[in-house]
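Asker: Just target_9.cif, nothing more (mmCIF, C-alpha atoms):
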data_data
loop_
_atom_site.group_PDB
_atom_site.id
_atom_site.type_symbol
_atom_site.label_atom_id
_atom_site.label_comp_id
_atom_site.auth_asym_id
_atom_site.auth_seq_id
_atom_site.Cartn_x
_atom_site.Cartn_y
_atom_site.Cartn_z
ATOM 1 C CA MET A 19 56.323 -187.559 -17.836
ATOM 2 C CA ALA A 20 55.367 -191.232 -17.916
ATOM 3 C CA GLN A 21 57.794 -193.859 -19.136
ATOM 4 C CA ARG A 22 56.390 -196.907 -20.923
ATOM 5 C CA GLN A 23 57.774 -200.304 -21.798
ATOM 6 C CA ALA A 24 56.038 -203.425 -23.085
ATOM 7 C CA ILE A 25 57.063 -207.027 -23.610
ATOM 8 C CA VAL A 26 55.187 -209.785 -25.415
ATOM 9 C CA LEU A 27 55.793 -213.315 -24.176
ATOM 10 C CA ASP A 28 55.016 -216.800 -25.418
ATOM 11 C CA SER A 29 52.578 -218.902 -23.398
ATOM 12 C CA ARG A 30 55.351 -220.991 -21.856
ATOM 13 C CA ILE A 31 56.244 -221.339 -18.199
ATOM 14 C CA GLU A 32 59.787 -220.148 -19.017
ATOM 15 C CA SER A 33 58.304 -216.759 -19.928
ATOM 16 C CA VAL A 34 57.468 -216.229 -16.279
ATOM 17 C CA ASP A 35 61.161 -215.774 -15.423
ATOM 18 C CA GLN A 36 61.502 -213.128 -18.127
ATOM 19 C CA ALA A 37 58.440 -211.275 -16.783
ATOM 20 C CA GLU A 38 59.830 -211.349 -13.246
ATOM 21 C CA ALA A 39 63.296 -210.159 -14.317
ATOM 22 C CA THR A 40 61.842 -207.308 -16.367
ATOM 23 C CA ALA A 41 59.642 -206.232 -13.456
ATOM 24 C CA GLU A 42 62.665 -206.266 -11.156
ATOM 25 C CA ARG A 43 64.630 -204.048 -13.578
ATOM 26 C CA VAL A 44 61.766 -201.595 -14.066
ATOM 27 C CA ALA A 45 61.162 -201.348 -10.307
ATOM 28 C CA ALA A 46 64.890 -200.792 -9.701
ATOM 29 C CA SER A 47 65.035 -198.020 -12.311
ATOM 30 C CA ALA A 48 62.015 -196.452 -10.593
ATOM 31 C CA GLY A 49 63.938 -196.256 -7.335
ATOM 32 C CA PHE A 50 61.995 -198.822 -5.314
ATOM 33 C CA ASP A 51 64.025 -200.358 -2.496
ATOM 34 C CA GLU A 52 65.059 -204.015 -2.580
ATOM 35 C CA SER A 53 62.090 -205.372 -0.621
ATOM 36 C CA GLU A 54 59.575 -203.410 -2.740
ATOM 37 C CA ARG A 55 61.313 -204.555 -5.942
ATOM 38 C CA HIS A 56 60.971 -208.137 -4.770
ATOM 39 C CA ARG A 57 57.251 -207.693 -3.987
ATOM 40 C CA ILE A 58 56.575 -206.069 -7.370
ATOM 41 C CA ALA A 59 58.509 -208.784 -9.223
ATOM 42 C CA MET A 60 56.683 -211.548 -7.334
ATOM 43 C CA ALA A 61 53.275 -210.010 -8.071
ATOM 44 C CA VAL A 62 54.149 -209.809 -11.775
ATOM 45 C CA ARG A 63 55.405 -213.397 -11.660
ATOM 46 C CA GLU A 64 52.221 -214.711 -10.030
ATOM 47 C CA ILE A 65 49.891 -212.960 -12.463
ATOM 48 C CA THR A 66 52.020 -214.016 -15.447
ATOM 49 C CA VAL A 67 51.807 -217.635 -14.267
ATOM 50 C CA ASN A 68 48.017 -217.255 -14.205
ATOM 51 C CA ALA A 69 48.031 -215.746 -17.714
ATOM 52 C CA VAL A 70 50.184 -218.545 -19.155
ATOM 53 C CA MET A 71 48.537 -221.463 -17.333
ATOM 54 C CA HIS A 72 44.908 -220.498 -16.843
ATOM 55 C CA GLY A 73 44.328 -217.725 -19.368
ATOM 56 C CA ASN A 74 46.163 -219.020 -22.415
ATOM 57 C CA ALA A 75 46.337 -222.666 -21.253
ATOM 58 C CA TYR A 76 49.904 -222.950 -22.625
ATOM 59 C CA ASP A 77 48.549 -222.323 -26.146
ATOM 60 C CA ARG A 78 51.633 -221.390 -28.203
ATOM 61 C CA GLY A 79 49.437 -219.399 -30.573
ATOM 62 C CA LYS A 80 48.488 -217.025 -27.749
ATOM 63 C CA LYS A 81 50.672 -214.364 -26.159
ATOM 64 C CA VAL A 82 50.947 -212.623 -22.807
ATOM 65 C CA THR A 83 51.543 -208.886 -23.012
ATOM 66 C CA ILE A 84 53.030 -206.993 -20.090
ATOM 67 C CA GLU A 85 53.003 -203.205 -20.144
ATOM 68 C CA PHE A 86 54.915 -201.131 -17.606
ATOM 69 C CA GLN A 87 54.056 -197.474 -17.118
ATOM 70 C CA LEU A 88 56.060 -195.392 -14.688
ATOM 71 C CA SER A 89 54.884 -191.957 -13.622
ATOM 72 C CA PRO A 90 56.093 -189.701 -10.825
ATOM 73 C CA ASP A 91 53.321 -191.115 -8.605
ATOM 74 C CA GLU A 92 53.142 -194.816 -9.396
ATOM 75 C CA LEU A 93 54.204 -197.878 -11.308
ATOM 76 C CA VAL A 94 51.370 -199.490 -13.255
ATOM 77 C CA VAL A 95 51.810 -202.964 -14.714
ATOM 78 C CA LYS A 96 49.145 -204.368 -17.039
ATOM 79 C CA ILE A 97 49.334 -208.097 -17.760
ATOM 80 C CA SER A 98 47.018 -209.353 -20.500
ATOM 81 C CA ASP A 99 46.349 -212.827 -21.849
ATOM 82 C CA GLN A 100 44.300 -213.996 -24.816
ATOM 83 C CA GLY A 101 42.230 -216.616 -23.013
ATOM 84 C CA ALA A 102 38.479 -217.006 -22.629
ATOM 85 C CA GLY A 103 38.295 -214.973 -19.414
ATOM 86 C CA PHE A 104 36.943 -216.168 -16.087
ATOM 87 C CA ASP A 105 34.479 -215.271 -13.351
ATOM 88 C CA MET A 106 36.134 -213.757 -10.271
ATOM 89 C CA GLU A 107 33.212 -215.067 -8.187
ATOM 90 C CA VAL A 108 34.372 -218.663 -8.722
ATOM 91 C CA VAL A 109 37.994 -218.058 -7.690
ATOM 92 C CA ALA A 110 38.541 -220.101 -4.532
ATOM 93 C CA ASP A 111 39.501 -218.315 -1.318
ATOM 94 C CA PRO A 112 43.094 -219.438 -0.633
ATOM 95 C CA LEU A 113 42.564 -218.877 3.104
ATOM 96 C CA ALA A 114 39.565 -221.200 3.353
ATOM 97 C CA PRO A 115 40.472 -224.290 5.409
ATOM 98 C CA GLU A 116 39.886 -226.651 2.477
ATOM 99 C CA ASN A 117 42.344 -224.659 0.323
ATOM 100 C CA LEU A 118 45.190 -224.054 2.752
ATOM 101 C CA LEU A 119 47.234 -227.045 1.615
ATOM 102 C CA ARG A 120 46.595 -226.647 -2.128
ATOM 103 C CA ALA A 121 49.739 -226.129 -4.198
ATOM 104 C CA SER A 122 48.121 -223.439 -6.350
ATOM 105 C CA GLY A 123 45.404 -220.811 -6.233
ATOM 106 C CA ARG A 124 47.203 -217.949 -4.501
ATOM 107 C CA GLY A 125 48.330 -215.737 -7.412
ATOM 108 C CA ILE A 126 45.713 -212.986 -7.153
ATOM 109 C CA PHE A 127 45.805 -213.178 -3.350
ATOM 110 C CA LEU A 128 49.593 -212.689 -3.302
ATOM 111 C CA ALA A 129 49.476 -209.903 -5.885
ATOM 112 C CA ARG A 130 46.949 -208.072 -3.692
ATOM 113 C CA ALA A 131 49.238 -208.510 -0.694
ATOM 114 C CA PHE A 132 52.286 -207.151 -2.562
ATOM 115 C CA MET A 133 50.749 -204.276 -4.523
ATOM 116 C CA ASP A 134 48.730 -201.213 -3.539
ATOM 117 C CA GLN A 135 45.963 -201.980 -6.016
ATOM 118 C CA VAL A 136 45.004 -204.973 -8.160
ATOM 119 C CA ASP A 137 42.201 -204.731 -10.721
ATOM 120 C CA VAL A 138 41.158 -207.866 -12.614
ATOM 121 C CA GLN A 139 39.343 -207.206 -15.890
ATOM 122 C CA PRO A 140 38.101 -210.494 -17.393
ATOM 123 C CA SER A 141 36.530 -210.572 -20.853
ATOM 124 C CA SER A 142 35.853 -213.125 -23.558
ATOM 125 C CA ALA A 143 38.900 -211.740 -25.430
ATOM 126 C CA GLY A 144 41.232 -212.375 -22.505
ATOM 127 C CA THR A 145 41.914 -211.127 -19.030
ATOM 128 C CA SER A 146 43.884 -208.035 -18.086
ATOM 129 C CA VAL A 147 45.209 -207.465 -14.600
ATOM 130 C CA LEU A 148 46.349 -204.017 -13.495
ATOM 131 C CA LEU A 149 48.960 -203.979 -10.731
ATOM 132 C CA ILE A 150 49.611 -200.582 -9.168
ATOM 133 C CA LYS A 151 52.390 -199.654 -6.744
ATOM 134 C CA HIS A 152 52.522 -196.094 -5.449
ATOM 135 C CA ARG A 153 55.880 -194.364 -5.363
ATOM 136 C CA GLN A 154 56.797 -192.763 -2.091
ATOM 137 C CA PRO A 155 57.783 -189.128 -2.341
ATOM 138 C CA PRO A 156 61.427 -188.568 -1.431
ATOM 139 C CA LEU A 157 62.027 -187.477 2.119
ATOM 140 C CA PRO A 158 62.669 -183.767 2.389
ATOM 141 C CA THR A 159 66.292 -182.826 2.826
ATOM 142 C CA PRO A 160 66.768 -181.269 6.242
ATOM 143 C CA PRO A 161 68.115 -177.731 6.219
ATOM 144 C CA PRO A 162 71.834 -177.445 6.950
ATOM 145 C CA HIS A 163 72.749 -176.759 10.566
ATOM 146 C CA LYS A 164 74.272 -173.369 11.266
#
Show me the file's structure as C-alpha cells.
Answerer:
Amino acid sequence: MAQRQAIVLDSRIESVDQAEATAERVAASAGFDESERHRIAMAVREITVNAVMHGNAYDRGKKVTIEFQLSPDELVVKISDQGAGFDMEVVADPLAPENLLRASGRGIFLARAFMDQVDVQPSSAGTSVLLIKHRQPPLPTPPPHK
C-alpha cells in the first residue's frame, strides 16, 4: 500500500529548508540509511531551489508543490512549480570547462547523481520533476545455526 504526503510551499528561498527537512523525515520513515536520506534530501533541496528561483522566479503568488509517495519498491517525489517551463536542451552542462567555476547550474545534475531516476516534465503551466529512489529489499535473515 502506498503512503502519500504533500506540502505546498511559498516561492521563497526559506521554503527550501522546509522541503529538505520534510524529505529527510519521509526518507527516514521509509527506512533509508543516513547516507541515502542525505542524498534524497539534497536532491529535493536542489530541485526545490530551481522551482523557487527559476520556475516561479520568487513570485509570491505562485506555489511549489512537493508530493511524496512511498511504496514497497520506491520513494517517488514530485516537485512542481507554476512557472513558464523551460527547454531542457538549453540547460548548460555543469561539467563543461566554461561552467566548472559557476556558482549555480548543478541542481538537475546533482539530483541525477543522488537519485535512481530523474524525469523533468516542462510545460507552459509549470515544470514537474519526478525524483525516484528505489528501496532495497531487506536482507534475508539467515537460518538459525543448529
Asker: Contacts of Ser142 in chain A at 12 Å or less, counting all atoms listed in the file, minus same-chain residues fewer than 2 places along, as a VMD selection string?
Answerer: chain A and resid 73 to 74 99 to 105 139 to 140 144 to 146
Asker: Applying the PyMOL selection byres ((chain A and resi 59) around 12) to the file I just gave you, which residues come out? Please list them as a PyMOL selection string.
Answerer: chain A and resi 34-46+50+52-58+60-66+86+93+95+128-129+132-133+149+151
Asker: Just give me the gap between CA of His152 in chain A and CA of Gly49 in chain A in Å, one decimal is fine.
Answerer: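 Between CA of His152 in chain A and CA of Gly49 in chain A the gap works out to 11.6 Å.
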Asker: As an exercise, work out the distance from CA of Lys81 in chain A to CA of Ser29 in chain A in Å and give it to one decimal place.
Answerer: 5.6 Å
Asker: Calculate how many Å separate CA of Glu92 in chain A from CA of Ala131 in chain A, rounding to one decimal.
Answerer: 16.7 Å
Asker: For this structure, which residues satisfy the selection - the PyMOL selection byres ((chain A and resi 25) around 8) - when it is evaluated on the file as given? I want them as a list in words.
Answerer: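 Residues picked by the PyMOL selection byres ((chain A and resi 25) around 8): Gln23, Ala24, Val26, Leu27, Thr83, Ile84 and Glu85 of chain A.
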Asker: I'd like to know which of A:Ala69, A:Val94, A:Arg153, A:Ala75 is closest to Ile126 in chain A, using only C-alpha atoms.
Answerer: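 Closest residue, counting only C-alpha atoms: A:Ala69.
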Asker: Could you state which residues are captured by the PyMOL selection byres ((chain A and resi 21) around 10) in this file, as a VMD selection string?
Answerer: chain A and resid 19 to 20 22 to 23 48 86 to 90 93
